[in-house]
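Structure file data_5.cif with mmCIF, C-alpha atoms:
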data_input
#
loop_
_atom_site.label_atom_id
_atom_site.label_comp_id
_atom_site.auth_asym_id
_atom_site.auth_seq_id
_atom_site.Cartn_x
_atom_site.Cartn_y
_atom_site.Cartn_z
CA MET A 1 92.05 109.67 117.99
CA SER A 2 92.46 107.18 120.82
CA GLU A 3 95.44 105.22 119.63
CA ALA A 4 94.41 105.25 115.94
CA GLY A 5 97.76 106.63 114.91
CA ARG A 6 99.83 104.27 117.05
CA VAL A 7 99.84 101.24 114.83
CA PRO A 8 102.64 99.03 113.55
CA SER A 9 104.01 99.20 110.04
CA PRO A 10 101.42 97.82 107.62
CA ALA A 11 103.87 95.24 106.41
CA ALA A 12 104.33 93.62 109.80
CA PRO A 13 100.88 92.99 111.33
CA PRO A 14 100.62 91.41 114.77
CA GLU A 15 100.02 87.94 113.42
CA VAL A 16 103.48 87.98 111.82
CA ALA A 17 105.18 89.03 115.06
CA ALA A 18 103.22 86.58 117.16
CA ALA A 19 104.12 83.73 114.88
CA ALA A 20 107.89 84.27 115.25
CA PRO A 21 108.43 81.49 117.82
CA ASP A 22 106.65 78.97 115.62
CA GLU A 23 108.69 79.98 112.59
CA LYS A 24 111.87 79.31 114.52
CA LYS A 25 110.62 75.78 115.09
CA GLY A 26 110.07 75.32 111.38
CA LYS A 27 106.31 75.49 111.54
CA GLU A 28 104.09 77.54 109.28
CA PRO A 29 102.16 80.13 111.33
CA GLU A 30 98.44 79.72 111.14
CA ARG A 31 96.82 82.49 109.13
CA GLU A 32 93.33 83.83 109.09
CA LYS A 33 91.22 82.38 106.31
CA LEU A 34 88.42 83.89 104.33
CA PRO A 35 85.20 82.01 104.97
CA PRO A 36 84.21 79.22 102.57
CA ILE A 37 81.08 79.66 100.48
CA VAL A 38 78.31 77.87 102.34
CA SER A 39 75.20 76.21 101.02
CA ALA A 40 72.00 78.16 100.70
CA GLY A 41 69.36 78.32 103.36
CA ALA A 42 71.24 78.84 106.60
CA GLY A 43 69.95 81.79 108.57
CA ALA A 44 68.20 83.37 105.62
CA ALA A 45 65.63 85.04 107.82
CA ALA A 46 68.10 87.16 109.76
CA GLY A 47 68.52 90.78 108.68
CA LEU A 48 71.00 93.59 108.67
CA ASP A 49 71.76 95.12 112.05
CA ARG A 50 70.65 98.50 110.79
CA GLY A 51 67.48 97.25 109.17
CA SER A 52 68.12 98.23 105.57
CA LYS A 53 65.53 97.22 103.03
CA GLY A 54 67.74 94.72 101.23
CA GLN A 55 68.88 92.77 104.24
CA ILE A 56 71.75 90.33 104.63
CA SER A 57 71.50 87.44 107.04
CA THR A 58 74.23 86.19 109.35
CA PHE A 59 77.70 85.67 107.95
CA SER A 60 77.09 81.97 107.49
CA SER A 61 74.47 82.73 104.85
CA PHE A 62 75.40 85.96 103.06
CA ILE A 63 77.60 84.14 100.54
CA SER A 64 75.44 81.02 100.28
CA THR A 65 74.46 81.34 96.61
CA VAL A 66 76.96 79.60 94.36
CA ASN A 67 76.76 78.98 90.65
CA GLN A 68 76.98 75.17 90.50
CA LYS A 69 78.05 75.07 86.90
CA LYS A 70 80.89 77.52 87.46
CA GLU A 71 81.94 75.61 90.57
CA ALA A 72 82.15 72.38 88.63
CA THR A 73 84.28 74.02 85.95
CA GLU A 74 86.64 75.50 88.54
CA ASN A 75 86.94 72.09 90.23
CA ARG A 76 88.33 70.67 87.02
CA SER A 77 90.53 73.56 85.95
CA SER A 78 91.91 75.23 89.08
CA PRO A 79 93.24 73.86 92.36
CA THR A 80 92.65 77.18 94.10
CA HIS A 81 88.89 77.60 93.71
CA LEU A 82 86.54 78.45 96.58
CA VAL A 83 85.21 75.35 98.29
CA PHE A 84 82.27 74.26 100.37
CA PRO A 85 82.42 73.41 104.08
CA ASN A 86 83.92 70.08 105.19
CA ILE A 87 86.64 70.35 102.55
CA LYS A 88 89.98 70.96 104.26
CA ASN A 89 91.84 72.83 101.55
CA VAL A 90 90.29 76.25 102.10
CA ARG A 91 92.20 78.91 100.21
CA ASP A 92 94.30 81.27 102.37
CA LEU A 93 94.80 84.91 101.57
CA PRO A 94 98.27 85.58 100.20
CA PRO A 95 100.75 86.50 102.93
CA ILE A 96 101.74 90.08 103.48
CA CYS A 97 105.19 90.63 101.99
CA LEU A 98 107.79 91.58 104.56
CA ASP A 99 109.82 93.64 102.13
CA VAL A 100 107.39 96.52 102.24
CA ARG A 101 108.37 97.51 105.78
CA GLN A 102 109.24 101.16 106.07
CA LYS A 103 111.86 101.74 108.76
CA GLN A 104 111.26 105.48 108.73
CA ARG A 105 107.76 106.82 108.31
CA VAL A 106 107.43 110.04 106.35
CA SER A 107 104.56 112.36 105.67
CA VAL A 108 102.84 111.78 102.35
CA ASP A 109 103.33 115.46 101.54
CA ALA A 110 107.08 115.15 102.13
CA LEU A 111 107.42 112.05 99.97
CA PRO A 112 110.34 112.59 97.57
CA SER A 113 109.78 112.09 93.86
CA GLU A 114 112.03 109.03 93.73
CA MET A 115 109.82 107.35 96.36
CA LYS A 116 106.67 107.67 94.32
CA ALA A 117 105.22 104.51 92.87
CA PRO A 118 106.48 103.64 89.41
CA VAL A 119 104.03 103.80 86.54
CA LEU A 120 103.22 100.17 85.83
CA SER A 121 101.55 99.01 82.67
CA GLU A 122 97.86 98.48 83.30
CA SER A 123 96.10 95.38 82.08
CA VAL A 124 93.58 95.71 79.29
CA LEU A 125 90.20 96.29 80.90
CA PRO A 126 87.11 94.29 79.94
CA ASN A 127 84.37 95.95 77.94
CA GLN A 128 81.68 97.53 80.10
CA SER A 129 79.04 99.30 78.05
CA LYS A 130 76.58 100.15 80.82
CA THR A 131 76.61 103.79 81.86
CA MET A 132 75.25 105.46 84.96
CA LYS A 133 72.14 106.46 83.02
CA ASP A 134 71.63 102.87 81.86
CA PHE A 135 71.96 101.61 85.43
CA GLN A 136 69.45 104.12 86.76
CA GLU A 137 67.00 103.20 84.01
CA ASP A 138 67.33 99.52 84.96
CA ILE A 139 66.54 100.42 88.58
CA GLU A 140 63.46 102.36 87.47
CA LYS A 141 62.23 99.47 85.33
CA VAL A 142 62.38 97.17 88.35
CA LYS A 143 59.73 99.28 90.09
CA SER A 144 57.20 98.48 87.38
CA SER A 145 58.28 95.01 86.25
CA GLY A 146 59.74 93.53 89.43
CA ASP A 147 62.42 91.88 87.29
CA TRP A 148 65.89 92.27 88.84
CA LYS A 149 67.79 90.29 86.20
CA ALA A 150 69.47 93.25 84.48
CA VAL A 151 70.47 94.76 87.82
CA HIS A 152 71.71 91.42 89.11
CA ASP A 153 73.82 90.87 86.00
CA PHE A 154 75.39 94.30 86.41
CA TYR A 155 76.42 93.67 90.04
CA LEU A 156 77.59 90.15 89.21
CA THR A 157 79.88 91.42 86.45
CA THR A 158 81.07 94.64 88.09
CA PHE A 159 82.23 93.15 91.40
CA ASP A 160 83.68 90.00 89.90
CA SER A 161 87.26 91.33 89.83
CA PHE A 162 89.45 94.43 90.09
CA PRO A 163 89.60 94.85 86.28
CA GLU A 164 85.79 94.72 86.10
CA LEU A 165 85.51 97.38 88.82
CA ASN A 166 87.76 99.64 86.78
CA ALA A 167 85.89 98.87 83.57
CA ALA A 168 82.62 99.93 85.21
CA PHE A 169 83.68 103.00 87.16
CA LYS A 170 86.76 104.38 85.44
CA LYS A 171 86.02 107.60 83.56
CA ASP A 172 88.09 106.52 80.58
CA ALA A 173 89.27 102.93 80.26
CA THR A 174 92.05 103.97 77.89
CA ALA A 175 93.54 106.63 80.20
CA SER A 176 96.07 105.82 82.92
CA PHE A 177 95.13 108.49 85.52
CA ASN A 178 98.47 108.12 87.30
CA THR A 179 98.17 111.31 89.34
CA ILE A 180 97.19 112.08 92.91
CA GLU A 181 94.88 114.85 91.73
CA ASP A 182 92.40 112.63 89.90
CA SER A 183 91.62 109.03 90.79
CA GLY A 184 89.96 108.60 87.41
CA ILE A 185 86.84 107.19 89.06
CA ASN A 186 83.30 108.32 88.28
CA ALA A 187 82.35 109.07 91.90
CA LYS A 188 78.70 109.79 91.10
CA PHE A 189 78.33 106.38 89.45
CA VAL A 190 79.96 104.63 92.43
CA ASN A 191 77.61 106.44 94.83
CA ALA A 192 74.55 105.56 92.75
CA VAL A 193 75.49 101.87 92.64
CA TYR A 194 76.14 101.69 96.39
CA ASP A 195 73.01 103.66 97.28
CA ALA A 196 70.91 101.19 95.29
CA LEU A 197 72.74 98.10 96.59
CA LEU A 198 71.19 97.98 100.06
CA ASN A 199 67.72 98.09 98.50
CA THR A 200 68.30 95.10 96.25
CA PRO A 201 67.25 91.51 97.02
CA GLN A 202 69.50 89.48 99.27
CA ASP A 203 70.84 87.29 96.49
CA ILE A 204 72.27 90.36 94.71
CA GLN A 205 73.98 91.49 97.90
CA LYS A 206 75.44 88.02 98.36
CA THR A 207 76.69 88.13 94.79
CA VAL A 208 78.58 91.36 95.49
CA LEU A 209 80.21 89.95 98.62
CA LYS A 210 81.17 86.74 96.85
CA GLY A 211 82.81 88.78 94.09
CA ILE A 212 84.80 90.75 96.67
CA ILE A 213 86.03 87.49 98.22
CA ASN A 214 87.21 86.27 94.82
CA SER A 215 89.02 89.57 94.25
CA LEU A 216 90.80 89.45 97.61
CA LEU A 217 91.85 85.84 97.01
CA ARG A 218 93.77 86.81 93.91
CA GLU A 219 97.45 85.85 94.02
CA TRP A 220 99.31 89.17 94.16
CA LYS A 221 102.69 89.32 92.48
CA GLY A 222 104.75 92.48 92.39
CA PRO A 223 103.67 96.07 93.04
CA ARG A 224 100.06 97.18 92.77
CA THR A 225 98.99 99.09 89.69
CA LYS A 226 96.90 102.25 89.85
CA ASP A 227 93.92 100.19 88.70
CA ASP A 228 94.42 97.98 91.77
CA LEU A 229 94.47 101.06 94.00
CA ARG A 230 91.29 102.30 92.34
CA ALA A 231 89.61 98.98 93.12
CA TYR A 232 90.64 99.18 96.79
CA PHE A 233 89.37 102.76 96.91
CA ILE A 234 85.98 101.69 95.49
CA LEU A 235 85.58 98.63 97.72
CA LEU A 236 86.44 100.58 100.87
CA GLN A 237 83.29 102.65 100.33
CA ASN A 238 80.96 99.64 100.27
CA PRO A 239 78.10 100.33 102.75
CA GLN A 240 77.62 96.60 103.31
CA PHE A 241 80.58 96.76 105.67
CA SER A 242 78.38 98.48 108.25
CA ASN A 243 76.93 95.04 108.97
CA THR A 244 78.84 92.84 111.42
CA SER A 245 78.12 89.76 109.30
CA THR A 246 80.55 91.13 106.69
CA TYR A 247 83.38 91.91 109.11
CA VAL A 248 85.57 88.97 108.14
CA ILE A 249 85.63 90.17 104.52
CA HIS A 250 86.01 93.79 105.63
CA ALA A 251 88.99 92.84 107.80
CA HIS A 252 90.83 91.22 104.91
CA LEU A 253 90.20 94.25 102.71
CA LEU A 254 91.58 96.53 105.44
CA ARG A 255 94.62 94.29 105.89
CA GLN A 256 95.52 94.45 102.21
CA ILE A 257 95.10 98.23 102.14
CA ALA A 258 97.16 98.65 105.32
CA ALA A 259 99.93 96.50 103.83
CA LEU A 260 100.38 98.69 100.76
CA VAL A 261 103.70 100.51 100.44
CA GLU A 262 104.03 104.17 101.40
CA ALA A 263 103.92 105.34 97.79
CA ASP A 264 100.53 103.65 97.27
CA HIS A 265 99.20 105.14 100.50
CA HIS A 266 100.30 108.51 99.12
CA PHE A 267 97.85 108.12 96.23
CA LEU A 268 95.01 106.77 98.37
CA VAL A 269 95.28 109.62 100.86
CA HIS A 270 94.92 112.24 98.15
CA TRP A 271 92.03 110.37 96.54
CA LEU A 272 90.27 110.02 99.90
CA LYS A 273 90.39 113.76 100.51
CA LYS A 274 88.29 114.22 97.34
CA LEU A 275 85.33 112.31 98.82
CA SER A 276 82.24 114.29 99.75
CA GLN A 277 81.88 115.18 103.41
CA LYS A 278 78.97 112.76 103.75
CA ARG A 279 80.81 109.77 102.26
CA PHE A 280 84.00 110.56 104.14
CA LYS A 281 82.19 110.73 107.48
CA GLN A 282 80.37 107.45 106.80
CA LEU A 283 83.68 105.77 106.06
CA VAL A 284 85.21 107.00 109.33
CA GLU A 285 82.16 105.89 111.30
CA ARG A 286 82.27 102.40 109.78
CA LEU A 287 85.90 101.98 110.80
CA LEU A 288 85.30 103.23 114.33
CA GLN A 289 82.36 100.84 114.65
CA PHE A 290 84.51 97.99 113.31
CA ILE A 291 87.16 98.64 115.98
CA SER A 292 84.61 99.04 118.78
CA LEU A 293 82.69 95.86 118.01
CA ARG A 294 85.88 93.83 117.66
CA LEU A 295 86.94 95.05 121.12
CA PHE A 296 83.53 94.65 122.75
CA PRO A 297 81.33 92.42 120.56
CA ALA A 298 77.66 92.25 121.44
CA LYS A 299 77.64 88.70 120.08
CA PRO A 300 81.17 87.24 120.41
CA GLU A 301 80.12 84.15 118.48
CA GLU A 302 79.80 86.28 115.33
CA PHE A 303 83.56 86.79 115.16
CA PRO A 304 86.59 84.50 115.09
CA PRO A 305 88.48 84.20 118.40
CA ILE A 306 90.54 87.28 119.15
CA THR A 307 93.71 85.16 119.08
CA LYS A 308 92.98 84.33 115.44
CA CYS A 309 92.37 87.91 114.34
CA SER A 310 94.67 90.08 116.43
CA TRP A 311 95.52 91.96 113.20
CA TRP A 312 91.98 93.25 112.69
CA ILE A 313 92.28 96.35 114.89
CA PRO A 314 95.81 97.35 113.76
CA SER A 315 94.72 97.10 110.12
CA ALA A 316 91.59 99.18 110.70
CA SER A 317 93.59 101.71 112.73
CA LYS A 318 96.10 102.10 109.92
CA VAL A 319 93.36 102.81 107.39
CA LEU A 320 91.76 105.20 109.87
CA ALA A 321 95.12 106.97 110.13
CA LEU A 322 95.16 107.37 106.34
CA LEU A 323 91.73 108.99 106.55
CA ASN A 324 92.94 111.31 109.28
CA THR A 325 95.88 112.34 107.10
CA ALA A 326 93.53 112.95 104.17
CA ASN A 327 91.26 115.04 106.40
CA SER A 328 94.19 117.17 107.55
CA LEU A 329 95.13 117.98 103.94
CA VAL A 330 91.80 119.71 103.32
CA HIS A 331 91.22 123.27 104.47
CA PRO A 332 88.85 123.45 106.16
CA PRO A 333 88.87 119.73 107.11
CA LEU A 334 86.05 117.57 105.82
CA ILE A 335 85.10 116.62 109.39
CA PRO A 336 86.22 117.85 112.84
CA TYR A 337 89.22 115.99 114.25
CA THR A 338 87.04 114.98 117.21
CA ASP A 339 85.06 112.72 114.85
CA PHE A 340 88.05 110.40 114.88
CA TYR A 341 87.80 109.90 118.64
CA ASN A 342 86.60 106.47 119.73
CA SER A 343 84.80 106.69 123.06
CA THR A 344 84.79 102.90 123.32
CA LEU A 345 88.48 103.03 124.19
CA ASP A 346 87.59 104.84 127.41
CA HIS A 347 86.45 101.48 128.78
CA ILE A 348 89.89 99.88 128.36
CA ASP A 349 92.37 99.58 131.21
CA LEU A 350 95.41 100.71 129.25
CA MET A 351 97.93 99.72 131.95
CA GLU A 352 96.47 96.24 132.19
CA GLU A 353 96.50 95.90 128.43
CA TYR A 354 100.12 97.03 128.38
CA HIS A 355 101.11 94.46 131.01
CA THR A 356 99.28 91.74 129.10
CA TRP A 357 101.02 92.70 125.88
CA GLN A 358 104.39 92.66 127.60
CA SER A 359 103.74 89.28 129.19
CA PHE A 360 102.07 87.36 126.40
CA GLY A 361 102.37 89.33 123.18
CA ASN A 362 106.16 89.01 123.31
CA SER A 363 106.58 85.80 125.30
CA HIS A 364 109.68 84.88 123.30
CA SER A 365 111.58 87.77 124.83
CA CYS A 366 112.84 87.03 128.32
CA LYS A 367 114.04 90.58 128.78
CA LYS A 368 110.60 91.99 128.07
CA ASN A 369 108.97 89.52 130.44
CA HIS A 370 111.41 90.55 133.12
CA TYR A 371 110.67 94.21 132.44
CA SER A 372 106.95 93.48 132.62
CA LYS A 373 107.36 91.87 136.04
CA ARG A 374 109.28 94.88 137.28
CA LEU A 375 106.49 97.17 136.07
CA ARG A 376 103.90 95.04 137.81
CA THR A 377 105.85 95.08 141.05
CA THR A 378 106.33 98.84 140.88
CA ASP A 379 102.65 99.36 140.09
CA ASP A 380 101.59 97.17 143.04
CA LYS A 381 103.83 99.15 145.37
CA HIS A 382 102.23 102.40 144.23
CA ARG A 383 98.77 100.98 144.77
CA LYS A 384 99.63 99.82 148.28
CA ALA A 385 101.17 103.18 149.07
CA LYS A 386 98.03 105.00 147.97
CA SER A 387 95.79 102.68 149.98
CA GLY A 388 98.04 102.95 153.03
CA GLY A 389 98.66 99.21 153.03
#
Take the structure I supplied and represent it as structure tokens, if you would.
Amino acid sequence: MSEAGRVPSPAAPPEVAAAAPDEKKGKEPEREKLPPIVSAGAGAAAGLDRGSKGQISTFSSFISTVNQKKEATENRSSPTHLVFPNIKNVRDLPPICLDVRQKQRVSVDALPSEMKAPVLSESVLPNQSKTMKDFQEDIEKVKSSGDWKAVHDFYLTTFDSFPELNAAFKKDATASFNTIEDSGINAKFVNAVYDALLNTPQDIQKTVLKGIINSLLREWKGPRTKDDLRAYFILLQNPQFSNTSTYVIHAHLLRQIAALVEADHHFLVHWLKKLSQKRFKQLVERLLQFISLRLFPAKPEEFPPITKCSWWIPSASKVLALLNTANSLVHPPLIPYTDFYNSTLDHIDLMEEYHTWQSFGNSHSCKKNHYSKRLRTTDDKHRKAKSGG
């Protein structure tokens, strides 16, 4: 799996470790920010990398549509609303709690009963009357009328928050579904909504991405409920994340999933193994592509500097490891284990990367720097010996 399994604990991503020297000096480590909502018009002609019918332009434009009236209301009532460019107080994602670190990793199958997530009281879900049949009828009506309003309203409401996602896709809003055997999600409805999404106008696709941003910006307090896990499970399957212009949002989603406690991962793994082979394979391919393009971007300007997002690859690798675990629980596996291999990693000089990590990734440790120098010296001697120098 080319290093997919060798990732740090989800609760201690690289940006936390790298920020340790600054914290000792009393400074707040700089954290990655979700992008602000930008004004309409920028780069609207650009399309999806894969050429889907309902294309999204570059990242600077895919969340350009903002409801002005709602923005004005939020400006008066909440100090944590999304803001436009040139305003300094851009909302940060909530920090990853350090108390979820697991000193000893255990297999999800060997998880003792006392380690399983407690059953938390779920919030009352909003009313969502539209069924899968209603949604499909709305899509059919568009073909004759050309009016996307009903479809737009559905996507706007459904992806507005985690409770709305559950209200739309949960089989029974009154049932808890607190078991690993049944996620409680109407998988056929989720698939139908996502299959139609890439064929919708660009403003609908922007609406979905804007709703996901708002959901990820929520201030998390305490353990996640099963409804929260269901929302993560649904969002992870979003096909829009195949497009590089959505990678910043995708990265934050992966970080929050990777940071979940072991008990929550236990549920997600068993839900993931229930995906169809087609959907499961697509999910693995999206994550491998995400890792590859972060390592070797075709257009580096599309992404933040690597020093600002060193946690992207560890987060994606952790989620990929969850998928690998889910795949191993199915007999026969959903996909061959070789599908988790990432050939892009063959182009990396692992020894050089190791030396760099030793020298700069842990610069606060004199002992490690000294050890790195010794390794370099030893390696140089071997090279000279081989060359006869």
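For the atom pair formed by atom CA of A:Lys210 and atom CA of A:Phe280, the distance is 25.1 Å, given to one decimal.
What the PyMOL selection byres ((chain A and resi 139-156) around 9) grabs from this file is Lys130, Asp134, Phe135, Gln136, Glu137, Asp138, Thr157, Thr158, Phe159, Asp160, Val193, Ala196, Leu197, Thr200, Pro201, Asp203, Ile204, Gln205, Thr207, Val208 and Gly211 of chain A.
For the set A:Lys274, A:Arg294, A:Lys206, A:Lys171, the residue with the smallest atom-to-atom gap to A:Asp227 is A:Lys171, counting all atoms listed in the file.
As for atom CA of A:Trp271 and atom CA of A:Ala326, they are spaced 8.2 Å apart.
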_Counting all atoms listed in the file, which residue out of A:Asn324, A:Asn342, A:Ser161, A:Ser276 sits closest to A:Leu288?_
A:Asn342
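Between atom CA of A:Leu198 and atom CA of A:Pro336 the separation is 28.0 Å.
If all atoms listed in the file are the atoms counted, then among A:Phe340, A:Phe241, A:Phe177, A:Tyr232 the closest residue to A:Tyr194 is A:Phe241.
When only C-alpha atoms are used to measure the gap to A:Phe296, the shortest distance among A:His270, A:Pro333, A:Asp346, A:Gln277 belongs to A:Asp346.
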Report as a PDB file with C-alpha atoms, in the coordinates of the input the residues that result from applying the PyMOL selection byres ((chain A and resi 173) around 12) to the structure here.
ATOM      1  CA  GLU A 122      97.860  98.480  83.300  1.00  0.00           C
ATOM      2  CA  SER A 123      96.100  95.380  82.080  1.00  0.00           C
ATOM      3  CA  VAL A 124      93.580  95.710  79.290  1.00  0.00           C
ATOM      4  CA  LEU A 125      90.200  96.290  80.900  1.00  0.00           C
ATOM      5  CA  PRO A 126      87.110  94.290  79.940  1.00  0.00           C
ATOM      6  CA  ASN A 127      84.370  95.950  77.940  1.00  0.00           C
ATOM      7  CA  GLN A 128      81.680  97.530  80.100  1.00  0.00           C
ATOM      8  CA  SER A 129      79.040  99.300  78.050  1.00  0.00           C
ATOM      9  CA  PRO A 163      89.600  94.850  86.280  1.00  0.00           C
ATOM     10  CA  GLU A 164      85.790  94.720  86.100  1.00  0.00           C
ATOM     11  CA  LEU A 165      85.510  97.380  88.820  1.00  0.00           C
ATOM     12  CA  ASN A 166      87.760  99.640  86.780  1.00  0.00           C
ATOM     13  CA  ALA A 167      85.890  98.870  83.570  1.00  0.00           C
ATOM     14  CA  ALA A 168      82.620  99.930  85.210  1.00  0.00           C
ATOM     15  CA  PHE A 169      83.680 103.000  87.160  1.00  0.00           C
ATOM     16  CA  LYS A 170      86.760 104.380  85.440  1.00  0.00           C
ATOM     17  CA  LYS A 171      86.020 107.600  83.560  1.00  0.00           C
ATOM     18  CA  ASP A 172      88.090 106.520  80.580  1.00  0.00           C
ATOM     19  CA  THR A 174      92.050 103.970  77.890  1.00  0.00           C
ATOM     20  CA  ALA A 175      93.540 106.630  80.200  1.00  0.00           C
ATOM     21  CA  SER A 176      96.070 105.820  82.920  1.00  0.00           C
ATOM     22  CA  PHE A 177      95.130 108.490  85.520  1.00  0.00           C
ATOM     23  CA  GLY A 184      89.960 108.600  87.410  1.00  0.00           C
ATOM     24  CA  ILE A 185      86.840 107.190  89.060  1.00  0.00           C
ATOM     25  CA  ASN A 186      83.300 108.320  88.280  1.00  0.00           C
ATOM     26  CA  ASP A 227      93.920 100.190  88.700  1.00  0.00           C
TER      27      ASP A 227
END
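With only C-alpha atoms as the basis for measurement, A:Thr179 is the residue among A:Thr179, A:Gln237, A:Gln358, A:Ser317 that approaches A:Phe267 most closely.
Each of A:Pro223, A:Pro314, A:Pro239, A:Pro305 was checked against A:Val284 using only C-alpha atoms; the smallest atom-to-atom distance is that of A:Pro239.
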